[in-house]
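Input: a single structure, listed below in structure tokens.
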Amino acid sequence: MKRFILAAAMALAAAPVAANAETDCADLAALKMPHAEVTSARLETLANGSACRVSVTSRPTPTSDIRIEVWIPVGAAWNGKFVQVGNGGLAGAIPVAQIRLRAEAGYAAAGTDDGHVGNGRTAVWALGYPEKIRDFGTRSLKETADAAKALIRAQKGDGPSQSYFAGCSAGGREALMMAQRYPTVFDGIVAGAPANYNTLITGGRAYMQQMLARPGAYLARDDLQLLQDAALKTCAAGGAFIRDQKACRFDPGVLQCKAGAAPGSCLTAPQVAAARALYTGRPGPNGRSLFPGYTPGAEAMPGGYQAWNTGASMETFAESAGHTISSQFMKYFIYGDPAFDFLKADLGPRYDRDSRKAAAELDAVNPDLRPFKAHGGKLIQYHGWNDPAIPPLGSIRYHDEMRGRMGDTSDFYRLYMVPGMLHCAGGAGPGRVDYLDVLDRWVTKREAPQSLIARADAGDETQLLCPYPGVARGDGKGGQACAAPKPKG
């Protein structure tokens with residue numbers, strides 16, 4: 001292809017380019033951007049064509065080192081739209097698989113390592129580098145969006161018709177961060193299982209880990225199976241998962257051992273206390289939970305409590321993702337002390353005071369989304385009811401706080417709670433929905449989502465999802481319909 005001179009495109013003020021005229025991919029290496037440079041630009045083969053794969057390094061501060069990738073489908077492979085994907089855990093790597101997935105679907109797609117190198121479970125990179133914490137919290141996200149849009153304009157001669165953000169877990173926090181702090185950057189946002197109450201979640205996990213570490217309190221897999229079976233018996237009416245968690249009342253005290261109980265058939269008093277901690281979360285001065293715990297019914301499932309809270313055994317307790325990430329969060333984001341032991345932390349009012357600075361950088365809890373709404377933005381939030389990583393009731397808390405601040409939000413916001421789904425995916429309940437497609441139809445065709453059909457990862461099972469607070473129930477005709485929730489009891 002004939003190479004085009006890029007001076008005007010680089011200034012982002014070029015005269016209109018003829019339809020279908022595109023800059024050669026390799027020429028994007030010369031694009032000039034504020035405090036960012038293109039380090040490579042090459043073609044990448046897609047299933048239905050090819051994409052210009054561009055690597056960028058952004059250094060908005062002397063200690064910043066934000067790595068970014070932008071994939072721009074070439075020619076007719078591009079649908080004219082852009083999506084930025086979120087990261088996971090404590091980040092540290094560009095989510096290339098997610099970028100490729102979106103590019104295969106026709107989107108120009110981008111992602112970042114959030115400004116550091118790591119395995120998603122370490123924060124040692126933050127020690128002594130407050131600007132890296134700021135990069136991780138917010139700045140890398142805006143830098144990625146700016147670089148991606150500049151590259152799209154330079155390559156296509158025009159910007160995307162729509163711009164979206166889609167992420168889950170830490171990526172869900174990033175999604176809400178963009179809606180709250182940069183409300184005009186994206187036209188639509190998907191926030192899955194968001195860790196937006198980061199510091200509260202960390203304090204809650206620390207409390208749970210402290211309770212599990214008490215003598216005789218550890219919950220092995222067989223103990224988790226007892227909890228799961230009892231919870232399903234109480235609240236699932238013989239089903240494989242609980243369909244209406246808001247109506248479920250399960251107390252692990254029903255499993256506490258009585259005189260003469262057979263070994264393995266019950267839980268000790270310390271184990272019951274640990275189980276209650278997992279369900280209720282960290283208590284405040286008045287005994288009420290400061291932030292919710294997890295919901296029952298999937299304690300023993302693969303990818304459940306063992307992966308996130310208890311480890312595979314008492315010996316590997318500290319290797320669970322929740323233990324590791326929370327410990328790293330406290331060491332490097334809150335206390336700046338590699339020797340800090342969160343199993344001995346004071347989790348009373350002192351923790352809340354100590355965590356305020358980190359919360360200002362890393363939490364995305366502002367319920368006032370009026371600027372995002374005024375921009376015309378649409379927001380879809382979803383959360384698995386059996387998420388063992390991010391308490392699902394946290395999403396309901398944000399939903400309720402937003403409605404309390406803004407009133408009726410149904411013209412731009414939907415929350416879907418997914419029965420039986422674990423963290424972002426998996427679990428006993430069908431949970432697969434193409435939320436980006438739902439969002440795109442809402443933005444481009446004004447088709448506001450109502451009930452959705454979630455599909456299983458394998459097999460033909462489906463379930464109806466209702467905009468919260470609706471709950472799917474039998475309609476008396478062999479199907480399901482959305483209804484108001486039943487009172488808890």
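Residue numbering restarts at 1 in every chain; chains get A, B, ... in the order shown in the structure tokens, and ligands count up from 1 in that same order.
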
Inset, instruction - Using DSSP on the backbone coordinates, identify the residues of segment 177-371 of chain A assigned to helix (DSSP H, G or I); present them as a ChimeraX atom specification. - result: /A:177-181,198-212,221-235,245-247,252-255,269-280,305-310,314-319,321-334,342-344,349-354,356-362,370-371

If we count only C-alpha atoms and set the cut-off at 10 Å, which residues sit around Arg205 of chain A, ignoring sequence neighbours fewer than 5 positions away in its own chain? Please answer as a JSON list (two decimals) with all heavy atoms, in the first residue's frame.
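Output saved as result29.json:
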```json
[["chain", "number", "residue", "atom", "x", "y", "z"],
["A", 199, "THR", "N", -10.87, -0.79, 49.31],
["A", 199, "THR", "CA", -10.33, -0.80, 50.67],
["A", 199, "THR", "C", -11.27, -1.52, 51.64],
["A", 199, "THR", "O", -10.83, -2.18, 52.57],
["A", 199, "THR", "CB", -10.03, 0.62, 51.16],
["A", 199, "THR", "OG1", -11.18, 1.45, 50.96],
["A", 199, "THR", "CG2", -8.87, 1.22, 50.39],
["A", 200, "LEU", "N", -12.59, -1.39, 51.42],
["A", 200, "LEU", "CA", -13.54, -2.12, 52.26],
["A", 200, "LEU", "C", -13.47, -3.62, 52.00],
["A", 200, "LEU", "O", -13.54, -4.43, 52.93],
["A", 200, "LEU", "CB", -14.96, -1.61, 52.01],
["A", 200, "LEU", "CG", -15.32, -0.26, 52.64],
["A", 200, "LEU", "CD1", -16.67, 0.21, 52.15],
["A", 200, "LEU", "CD2", -15.29, -0.35, 54.16],
["A", 210, "GLN", "N", -8.35, -13.66, 59.24],
["A", 210, "GLN", "CA", -8.03, -13.73, 60.67],
["A", 210, "GLN", "C", -8.91, -14.76, 61.37],
["A", 210, "GLN", "O", -8.43, -15.52, 62.22],
["A", 210, "GLN", "CB", -8.18, -12.36, 61.31],
["A", 210, "GLN", "CG", -7.12, -11.35, 60.92],
["A", 210, "GLN", "CD", -7.31, -10.00, 61.59],
["A", 210, "GLN", "OE1", -8.21, -9.81, 62.40],
["A", 210, "GLN", "NE2", -6.44, -9.04, 61.28],
["A", 211, "MET", "N", -10.18, -14.79, 61.02],
["A", 211, "MET", "CA", -11.10, -15.76, 61.65],
["A", 211, "MET", "C", -10.75, -17.19, 61.24],
["A", 211, "MET", "O", -10.78, -18.11, 62.06],
["A", 211, "MET", "CB", -12.53, -15.42, 61.27],
["A", 211, "MET", "CG", -13.04, -14.11, 61.85],
["A", 211, "MET", "SD", -13.15, -14.13, 63.66],
["A", 211, "MET", "CE", -14.53, -15.24, 63.90],
["A", 277, "ALA", "N", -18.20, -15.42, 59.52],
["A", 277, "ALA", "CA", -17.38, -14.28, 59.09],
["A", 277, "ALA", "C", -17.35, -14.18, 57.57],
["A", 277, "ALA", "O", -17.39, -13.08, 57.00],
["A", 277, "ALA", "CB", -15.96, -14.43, 59.64],
["A", 278, "LEU", "N", -17.29, -15.32, 56.89],
["A", 278, "LEU", "CA", -17.29, -15.32, 55.44],
["A", 278, "LEU", "C", -18.61, -14.77, 54.88],
["A", 278, "LEU", "O", -18.62, -14.07, 53.86],
["A", 278, "LEU", "CB", -17.06, -16.74, 54.91],
["A", 278, "LEU", "CG", -15.64, -17.29, 55.08],
["A", 278, "LEU", "CD1", -15.62, -18.79, 54.82],
["A", 278, "LEU", "CD2", -14.67, -16.59, 54.13],
["A", 281, "GLY", "N", -19.05, -10.63, 56.77],
["A", 281, "GLY", "CA", -18.05, -9.59, 56.57],
["A", 281, "GLY", "C", -17.59, -8.97, 57.87],
["A", 281, "GLY", "O", -17.98, -9.37, 58.97],
["A", 282, "ARG", "N", -16.73, -7.96, 57.75],
["A", 282, "ARG", "CA", -16.11, -7.32, 58.91],
["A", 282, "ARG", "C", -17.12, -6.51, 59.72],
["A", 282, "ARG", "O", -17.82, -5.65, 59.17],
["A", 282, "ARG", "CB", -14.98, -6.40, 58.41],
["A", 282, "ARG", "CG", -14.23, -5.64, 59.51],
["A", 282, "ARG", "CD", -13.00, -4.95, 58.96],
["A", 282, "ARG", "NE", -13.31, -3.90, 58.02],
["A", 282, "ARG", "CZ", -13.17, -2.59, 58.26],
["A", 282, "ARG", "NH1", -12.73, -2.17, 59.44],
["A", 282, "ARG", "NH2", -13.46, -1.71, 57.34],
["A", 293, "GLY", "N", -20.34, -9.79, 53.31],
["A", 293, "GLY", "CA", -19.53, -10.95, 52.98],
["A", 293, "GLY", "C", -20.10, -11.66, 51.76],
["A", 293, "GLY", "O", -20.80, -11.05, 50.94],
["A", 308, "TRP", "N", -10.23, -18.71, 46.41],
["A", 308, "TRP", "CA", -10.20, -17.31, 46.81],
["A", 308, "TRP", "C", -10.04, -17.06, 48.30],
["A", 308, "TRP", "O", -9.58, -15.99, 48.70],
["A", 308, "TRP", "CB", -11.46, -16.61, 46.32],
["A", 308, "TRP", "CG", -11.42, -16.35, 44.86],
["A", 308, "TRP", "CD1", -11.95, -17.12, 43.86],
["A", 308, "TRP", "CD2", -10.76, -15.26, 44.21],
["A", 308, "TRP", "NE1", -11.67, -16.57, 42.63],
["A", 308, "TRP", "CE2", -10.94, -15.43, 42.82],
["A", 308, "TRP", "CE3", -10.06, -14.15, 44.67],
["A", 308, "TRP", "CZ2", -10.42, -14.53, 41.89],
["A", 308, "TRP", "CZ3", -9.55, -13.25, 43.74],
["A", 308, "TRP", "CH2", -9.73, -13.44, 42.37],
["A", 309, "ASN", "N", -10.40, -18.02, 49.14],
["A", 309, "ASN", "CA", -10.46, -17.72, 50.57],
["A", 309, "ASN", "C", -9.73, -18.70, 51.48],
["A", 309, "ASN", "O", -9.12, -18.27, 52.46],
["A", 309, "ASN", "CB", -11.92, -17.64, 51.01],
["A", 309, "ASN", "CG", -12.68, -16.57, 50.26],
["A", 309, "ASN", "OD1", -12.32, -15.41, 50.28],
["A", 309, "ASN", "ND2", -13.74, -16.97, 49.55],
["A", 322, "GLY", "N", -7.46, -14.48, 47.53],
["A", 322, "GLY", "CA", -7.93, -13.44, 48.43],
["A", 322, "GLY", "C", -6.91, -13.11, 49.51],
["A", 322, "GLY", "O", -6.70, -11.95, 49.86],
["A", 323, "HIS", "N", -6.27, -14.15, 50.06],
["A", 323, "HIS", "CA", -5.25, -13.96, 51.08],
["A", 323, "HIS", "C", -4.08, -13.17, 50.51],
["A", 323, "HIS", "O", -3.63, -12.17, 51.08],
["A", 323, "HIS", "CB", -4.79, -15.32, 51.61],
["A", 323, "HIS", "CG", -3.82, -15.24, 52.75],
["A", 323, "HIS", "ND1", -4.14, -15.68, 54.00],
["A", 323, "HIS", "CD2", -2.55, -14.78, 52.82],
["A", 323, "HIS", "CE1", -3.11, -15.50, 54.81],
["A", 323, "HIS", "NE2", -2.13, -14.96, 54.11],
["A", 325, "ILE", "N", -3.74, -11.30, 47.65],
["A", 325, "ILE", "CA", -4.00, -9.95, 47.16],
["A", 325, "ILE", "C", -4.26, -8.99, 48.31],
["A", 325, "ILE", "O", -3.76, -7.85, 48.32],
["A", 325, "ILE", "CB", -5.16, -9.96, 46.15],
["A", 325, "ILE", "CG1", -4.73, -10.69, 44.87],
["A", 325, "ILE", "CG2", -5.61, -8.55, 45.83],
["A", 325, "ILE", "CD1", -5.84, -10.91, 43.87],
["A", 326, "SER", "N", -5.02, -9.44, 49.31],
["A", 326, "SER", "CA", -5.30, -8.55, 50.44],
["A", 326, "SER", "C", -4.04, -8.24, 51.23],
["A", 326, "SER", "O", -3.84, -7.10, 51.69],
["A", 326, "SER", "CB", -6.35, -9.19, 51.35],
["A", 326, "SER", "OG", -7.59, -9.28, 50.69],
["A", 327, "SER", "N", -3.19, -9.24, 51.42],
["A", 327, "SER", "CA", -1.93, -9.01, 52.13],
["A", 327, "SER", "C", -1.07, -8.00, 51.38],
["A", 327, "SER", "O", -0.52, -7.05, 51.96],
["A", 327, "SER", "CB", -1.17, -10.34, 52.29],
["A", 327, "SER", "OG", 0.09, -10.12, 52.88],
["A", 342, "PHE", "N", -1.06, -8.83, 57.86],
["A", 342, "PHE", "CA", -2.48, -8.46, 57.95],
["A", 342, "PHE", "C", -3.28, -9.41, 58.83],
["A", 342, "PHE", "O", -4.39, -9.09, 59.23],
["A", 342, "PHE", "CB", -3.11, -8.30, 56.57],
["A", 342, "PHE", "CG", -3.56, -9.57, 55.90],
["A", 342, "PHE", "CD1", -4.68, -9.56, 55.08],
["A", 342, "PHE", "CD2", -2.88, -10.76, 56.03],
["A", 342, "PHE", "CE1", -5.11, -10.71, 54.44],
["A", 342, "PHE", "CE2", -3.30, -11.92, 55.40],
["A", 342, "PHE", "CZ", -4.41, -11.89, 54.59],
["A", 389, "ALA", "N", -14.98, -13.92, 45.34],
["A", 389, "ALA", "CA", -13.87, -12.96, 45.35],
["A", 389, "ALA", "C", -14.34, -11.57, 45.74],
["A", 389, "ALA", "O", -13.78, -10.95, 46.66],
["A", 389, "ALA", "CB", -13.20, -12.93, 43.98],
["A", 390, "ILE", "N", -15.35, -11.07, 45.06],
["A", 390, "ILE", "CA", -15.90, -9.74, 45.31],
["A", 390, "ILE", "C", -17.33, -9.92, 45.82],
["A", 390, "ILE", "O", -18.17, -10.44, 45.07],
["A", 390, "ILE", "CB", -15.92, -8.88, 44.03],
["A", 390, "ILE", "CG1", -14.57, -8.92, 43.31],
["A", 390, "ILE", "CG2", -16.35, -7.46, 44.35],
["A", 390, "ILE", "CD1", -13.43, -8.35, 44.09],
["A", 391, "PRO", "N", -17.64, -9.56, 47.05],
["A", 391, "PRO", "CA", -18.99, -9.79, 47.58],
["A", 391, "PRO", "C", -20.07, -9.21, 46.67],
["A", 391, "PRO", "O", -20.06, -8.01, 46.37],
["A", 391, "PRO", "CB", -18.96, -9.09, 48.93],
["A", 391, "PRO", "CG", -17.53, -9.16, 49.36],
["A", 391, "PRO", "CD", -16.76, -8.97, 48.08]]
```

Long-range neighbours of Ala77 of chain A as an mmCIF file with all heavy atoms, in the first residue's frame, 8 Å cut-off, only C-alpha atoms, 6 positions minimum in chain:
```cif
data_model
loop_
_atom_site.group_PDB
_atom_site.id
_atom_site.type_symbol
_atom_site.label_atom_id
_atom_site.label_comp_id
_atom_site.auth_asym_id
_atom_site.auth_seq_id
_atom_site.Cartn_x
_atom_site.Cartn_y
_atom_site.Cartn_z
ATOM 1 N N ASN A 48 -10.780 -13.106 10.448
ATOM 2 C CA ASN A 48 -11.464 -12.545 9.286
ATOM 3 C C ASN A 48 -10.722 -11.352 8.699
ATOM 4 O O ASN A 48 -11.337 -10.377 8.279
ATOM 5 C CB ASN A 48 -12.889 -12.121 9.680
ATOM 6 C CG ASN A 48 -13.722 -13.295 10.175
ATOM 7 O OD1 ASN A 48 -13.772 -14.320 9.518
ATOM 8 N ND2 ASN A 48 -14.340 -13.131 11.316
ATOM 9 N N GLY A 49 -9.440 -11.445 8.687
ATOM 10 C CA GLY A 49 -8.649 -10.356 8.136
ATOM 11 C C GLY A 49 -7.390 -10.128 8.933
ATOM 12 O O GLY A 49 -6.740 -11.077 9.388
ATOM 13 N N SER A 50 -7.057 -8.875 9.154
ATOM 14 C CA SER A 50 -5.852 -8.561 9.913
ATOM 15 C C SER A 50 -6.079 -7.281 10.699
ATOM 16 O O SER A 50 -7.020 -6.529 10.457
ATOM 17 C CB SER A 50 -4.639 -8.407 8.990
ATOM 18 O OG SER A 50 -4.853 -7.343 8.079
ATOM 19 N N GLY A 106 -14.385 -7.360 15.450
ATOM 20 C CA GLY A 106 -14.465 -6.197 14.595
ATOM 21 C C GLY A 106 -14.128 -4.878 15.250
ATOM 22 O O GLY A 106 -14.065 -3.840 14.579
#
```

Would you tabulate, counting only C-alpha atoms, all residues of segment 93-120 of chain A that have an atom at most 10 Å from an atom of segment 127-132 of chain A, showing the closest pair of atoms and their distance in Å to one decimal, sorted by chain then ascending number, as JSON lines?
```
{"residue": "A:Asp114", "atom": "CA", "partner": "A:Lys132", "partner_atom": "CA", "distance": 8.6}
{"residue": "A:Gly115", "atom": "CA", "partner": "A:Lys132", "partner_atom": "CA", "distance": 6.5}
{"residue": "A:His116", "atom": "CA", "partner": "A:Lys132", "partner_atom": "CA", "distance": 7.4}
```

Could you write those residues out with all heavy atoms, as a PDB file, in the first residue's frame?
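Generated file (result_22.pdb):
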```
ATOM      1  N   ASP A 114      -1.483  -1.369  33.254  1.00  0.00           N
ATOM      2  CA  ASP A 114      -1.774  -0.462  34.372  1.00  0.00           C
ATOM      3  C   ASP A 114      -0.519   0.214  34.934  1.00  0.00           C
ATOM      4  O   ASP A 114      -0.550   0.763  36.040  1.00  0.00           O
ATOM      5  CB  ASP A 114      -2.536  -1.160  35.505  1.00  0.00           C
ATOM      6  CG  ASP A 114      -3.999  -1.408  35.147  1.00  0.00           C
ATOM      7  OD1 ASP A 114      -4.419  -1.021  34.041  1.00  0.00           O
ATOM      8  OD2 ASP A 114      -4.736  -1.999  35.963  1.00  0.00           O
ATOM      9  N   GLY A 115       0.572   0.152  34.203  1.00  0.00           N
ATOM     10  CA  GLY A 115       1.744   0.935  34.585  1.00  0.00           C
ATOM     11  C   GLY A 115       2.831   0.200  35.330  1.00  0.00           C
ATOM     12  O   GLY A 115       3.734   0.842  35.883  1.00  0.00           O
ATOM     13  N   HIS A 116       2.801  -1.128  35.344  1.00  0.00           N
ATOM     14  CA  HIS A 116       3.853  -1.879  36.031  1.00  0.00           C
ATOM     15  C   HIS A 116       3.881  -3.305  35.510  1.00  0.00           C
ATOM     16  O   HIS A 116       2.954  -3.756  34.840  1.00  0.00           O
ATOM     17  CB  HIS A 116       3.614  -1.891  37.548  1.00  0.00           C
ATOM     18  CG  HIS A 116       2.314  -2.550  37.923  1.00  0.00           C
ATOM     19  ND1 HIS A 116       1.119  -1.866  37.997  1.00  0.00           N
ATOM     20  CD2 HIS A 116       2.018  -3.844  38.232  1.00  0.00           C
ATOM     21  CE1 HIS A 116       0.148  -2.688  38.338  1.00  0.00           C
ATOM     22  NE2 HIS A 116       0.672  -3.906  38.479  1.00  0.00           N
TER      23      HIS A 116
END
```

Each residue of segment 187-262 of chain A with at least one atom at most 12 Å from segment 137-145 of chain A should appear once, together with its nearest atom pair and the corresponding distance in Å (one decimal); atoms considered: only C-alpha atoms; ordering: chain, then increasing residue number; output as JSON lines.
```
{"residue": "A:Ala195", "atom": "CA", "partner": "A:Gly137", "partner_atom": "CA", "distance": 11.7}
{"residue": "A:Asn196", "atom": "CA", "partner": "A:Gly137", "partner_atom": "CA", "distance": 10.6}
{"residue": "A:Asn198", "atom": "CA", "partner": "A:Gly137", "partner_atom": "CA", "distance": 10.6}
```

N, CA, C and O atoms of the current selection, written as an mmCIF file, in the first residue's frame:
```
data_model
loop_
_atom_site.group_PDB
_atom_site.id
_atom_site.type_symbol
_atom_site.label_atom_id
_atom_site.label_comp_id
_atom_site.auth_asym_id
_atom_site.auth_seq_id
_atom_site.Cartn_x
_atom_site.Cartn_y
_atom_site.Cartn_z
ATOM 1 N N ALA A 195 -14.580 -4.470 41.740
ATOM 2 C CA ALA A 195 -13.891 -4.316 43.023
ATOM 3 C C ALA A 195 -13.785 -2.833 43.346
ATOM 4 O O ALA A 195 -12.733 -2.344 43.746
ATOM 5 N N ASN A 196 -14.887 -2.115 43.204
ATOM 6 C CA ASN A 196 -14.829 -0.661 43.348
ATOM 7 C C ASN A 196 -14.703 -0.214 44.798
ATOM 8 O O ASN A 196 -14.156 0.852 45.072
ATOM 9 N N ASN A 198 -12.605 -1.078 46.994
ATOM 10 C CA ASN A 198 -11.352 -1.807 47.167
ATOM 11 C C ASN A 198 -10.908 -1.909 48.626
ATOM 12 O O ASN A 198 -10.578 -2.992 49.114
#
```

Legend entry - strand (DSSP E) call set, DSSP backbone run, segment 9-180 of chain A, as a PyMOL selection string: chain A and resi 32-33+36-46+49-58+66-73+81-85+108-112+162-168

Legend entry - d(atom CA of Asn119 of chain A, atom CA of Met33 of chain A) in Å: 28.7 Å

Inset, instruction - Compile the contact shell of Ala274 of chain A as a VMD selection string: residues with an atom at most 9 Å away, counting only C-alpha atoms, same-chain residues fewer than 3 positions apart removed. - result: chain A and resid 208 to 214 217 to 219 269 to 271 277 to 279

Could you save the residues just selected, with N, CA, C and O atoms, as an mmCIF file, in the first residue's frame?
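Wrote it out as part-v2.cif, contents follow:
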```
data_model
loop_
_atom_site.group_PDB
_atom_site.id
_atom_site.type_symbol
_atom_site.label_atom_id
_atom_site.label_comp_id
_atom_site.auth_asym_id
_atom_site.auth_seq_id
_atom_site.Cartn_x
_atom_site.Cartn_y
_atom_site.Cartn_z
ATOM 1 N N MET A 208 -11.891 -11.975 57.507
ATOM 2 C CA MET A 208 -12.204 -13.378 57.231
ATOM 3 C C MET A 208 -10.977 -14.260 57.407
ATOM 4 O O MET A 208 -11.057 -15.349 57.997
ATOM 5 N N GLN A 209 -9.835 -13.787 56.897
ATOM 6 C CA GLN A 209 -8.614 -14.578 57.020
ATOM 7 C C GLN A 209 -8.181 -14.701 58.475
ATOM 8 O O GLN A 209 -7.708 -15.760 58.902
ATOM 9 N N GLN A 210 -8.349 -13.660 59.243
ATOM 10 C CA GLN A 210 -8.026 -13.731 60.670
ATOM 11 C C GLN A 210 -8.909 -14.758 61.369
ATOM 12 O O GLN A 210 -8.430 -15.520 62.216
ATOM 13 N N MET A 211 -10.181 -14.795 61.018
ATOM 14 C CA MET A 211 -11.096 -15.760 61.646
ATOM 15 C C MET A 211 -10.752 -17.190 61.235
ATOM 16 O O MET A 211 -10.785 -18.108 62.064
ATOM 17 N N LEU A 212 -10.419 -17.391 59.963
ATOM 18 C CA LEU A 212 -10.048 -18.729 59.489
ATOM 19 C C LEU A 212 -8.739 -19.212 60.104
ATOM 20 O O LEU A 212 -8.507 -20.423 60.234
ATOM 21 N N ALA A 213 -7.857 -18.283 60.490
ATOM 22 C CA ALA A 213 -6.554 -18.641 61.048
ATOM 23 C C ALA A 213 -6.617 -18.969 62.533
ATOM 24 O O ALA A 213 -5.620 -19.429 63.107
ATOM 25 N N ARG A 214 -7.755 -18.766 63.166
ATOM 26 C CA ARG A 214 -7.861 -19.084 64.588
ATOM 27 C C ARG A 214 -7.768 -20.595 64.810
ATOM 28 O O ARG A 214 -8.115 -21.382 63.918
ATOM 29 N N ALA A 217 -10.339 -23.371 63.447
ATOM 30 C CA ALA A 217 -11.367 -22.698 62.647
ATOM 31 C C ALA A 217 -11.266 -22.975 61.154
ATOM 32 O O ALA A 217 -12.219 -22.702 60.414
ATOM 33 N N TYR A 218 -10.151 -23.507 60.684
ATOM 34 C CA TYR A 218 -9.958 -23.677 59.247
ATOM 35 C C TYR A 218 -11.050 -24.565 58.648
ATOM 36 O O TYR A 218 -11.457 -25.579 59.235
ATOM 37 N N LEU A 219 -11.509 -24.195 57.457
ATOM 38 C CA LEU A 219 -12.551 -24.933 56.749
ATOM 39 C C LEU A 219 -11.931 -25.671 55.564
ATOM 40 O O LEU A 219 -11.564 -25.053 54.561
ATOM 41 N N ALA A 269 -17.360 -25.175 66.857
ATOM 42 C CA ALA A 269 -17.760 -23.796 67.129
ATOM 43 C C ALA A 269 -16.829 -22.791 66.444
ATOM 44 O O ALA A 269 -17.309 -21.805 65.854
ATOM 45 N N PRO A 270 -15.490 -22.979 66.475
ATOM 46 C CA PRO A 270 -14.623 -22.037 65.740
ATOM 47 C C PRO A 270 -14.877 -22.050 64.232
ATOM 48 O O PRO A 270 -14.782 -21.011 63.573
ATOM 49 N N GLN A 271 -15.211 -23.231 63.677
ATOM 50 C CA GLN A 271 -15.501 -23.296 62.247
ATOM 51 C C GLN A 271 -16.807 -22.570 61.911
ATOM 52 O O GLN A 271 -16.908 -21.896 60.889
ATOM 53 N N ALA A 277 -18.199 -15.416 59.522
ATOM 54 C CA ALA A 277 -17.376 -14.285 59.088
ATOM 55 C C ALA A 277 -17.351 -14.181 57.568
ATOM 56 O O ALA A 277 -17.394 -13.080 57.003
ATOM 57 N N LEU A 278 -17.292 -15.321 56.894
ATOM 58 C CA LEU A 278 -17.295 -15.319 55.436
ATOM 59 C C LEU A 278 -18.607 -14.765 54.882
ATOM 60 O O LEU A 278 -18.619 -14.075 53.862
ATOM 61 N N TYR A 279 -19.696 -15.056 55.561
ATOM 62 C CA TYR A 279 -21.005 -14.611 55.080
ATOM 63 C C TYR A 279 -21.336 -13.174 55.479
ATOM 64 O O TYR A 279 -22.024 -12.474 54.742
#
```

Legend entry - Long-range neighbours of Cys482 of chain A as a ChimeraX atom specification, 7 Å cut-off, only C-alpha atoms, 6 positions minimum in chain: /A:466,470-473

Inset, instruction - Tell me, in Å to one decimal, how far atom CA of Glu315 of chain A is from atom CA of Ala275 of chain A. - result: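 Calculated distance between atom CA of Glu315 of chain A and atom CA of Ala275 of chain A is 18.8 Å.
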
Inset, instruction - May I ask which of the residues A:Gly303, A:Gly118, A:Gly429, A:Pro469 is the closest one to Arg243 of chain A, counting only C-alpha atoms? - result: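 The closest residue to Arg243 of chain A is A:Gly429.
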
Legend entry - Selected residue, from A:Ala148, A:Ala170, A:Leu290, A:Leu393, that lies nearest to Ala91 of chain A when counting only C-alpha atoms: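 Looking only at the distances to Ala91 of chain A, the closest residue turns out to be A:Ala170.
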
Legend entry - Selection: 12 Å around Ala126 of chain A, only C-alpha atoms, excl. self and same-chain fewer than 3 positions, as a count of residues only: 32

Legend entry - From A:Leu464, A:Ala103, A:Val56, A:Met301, residue lying nearest Trp78 of chain A [only C-alpha atoms]: A:Ala103

How close does segment 145-186 of chain A get to segment 371-387 of chain A? List, as a tab-separated table, each residue of segment 145-186 of chain A within 7 Å, its nearest atom pair and the distance in Å to one decimal, counting only C-alpha atoms.
```
residue	atom	partner	partner_atom	distance
A:Ala179	CA	A:Phe372	CA	6.0
A:Pro183	CA	A:Phe372	CA	4.4
A:Thr184	CA	A:His375	CA	5.9
A:Phe186	CA	A:Gly377	CA	6.9
```

Legend entry - Between atom CA of Val83 of chain A and atom CA of Ala109 of chain A - distance in Å to one decimal: 5.0 Å

Inset, instruction - Measuring atom to atom with only C-alpha atoms, identify which of A:Arg42, A:Arg221, A:Ala97, A:Ile68 is nearest to Phe317 of chain A. - result: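 Under the stated criterion, the closest residue is A:Arg221.
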
Inset, instruction - Name the residues in contact with Gly239 of chain A at a cut-off of 12 Å, using only C-alpha atoms, excluding same-chain residues fewer than 3 positions from it; report them as a PyMOL selection string. - result: chain A and resi 228-229+231-236+242-244+297-298+419-420+428-429

Output file for the selection above: C-alpha atoms, as a JSON list (two decimals), in the first residue's frame:
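File written: again.json
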```json
[["chain", "number", "residue", "atom", "x", "y", "z"],
["A", 228, "GLN", "CA", -22.82, -25.88, 50.49],
["A", 229, "ASP", "CA", -25.15, -28.86, 50.90],
["A", 231, "ALA", "CA", -27.30, -23.95, 52.12],
["A", 232, "LEU", "CA", -28.76, -25.55, 49.00],
["A", 233, "LYS", "CA", -31.12, -27.65, 51.11],
["A", 234, "THR", "CA", -32.30, -24.51, 52.91],
["A", 235, "CYS", "CA", -32.61, -22.11, 49.97],
["A", 236, "ALA", "CA", -32.49, -23.96, 46.63],
["A", 242, "ILE", "CA", -29.91, -20.59, 44.78],
["A", 243, "ARG", "CA", -32.12, -18.57, 42.45],
["A", 244, "ASP", "CA", -33.26, -15.91, 44.92],
["A", 297, "GLY", "CA", -24.53, -22.10, 48.00],
["A", 298, "ALA", "CA", -21.23, -22.60, 46.13],
["A", 419, "PRO", "CA", -27.80, -16.67, 40.20],
["A", 420, "GLY", "CA", -25.23, -19.45, 40.58],
["A", 428, "ALA", "CA", -23.64, -23.96, 38.66],
["A", 429, "GLY", "CA", -25.88, -21.32, 37.08]]
```
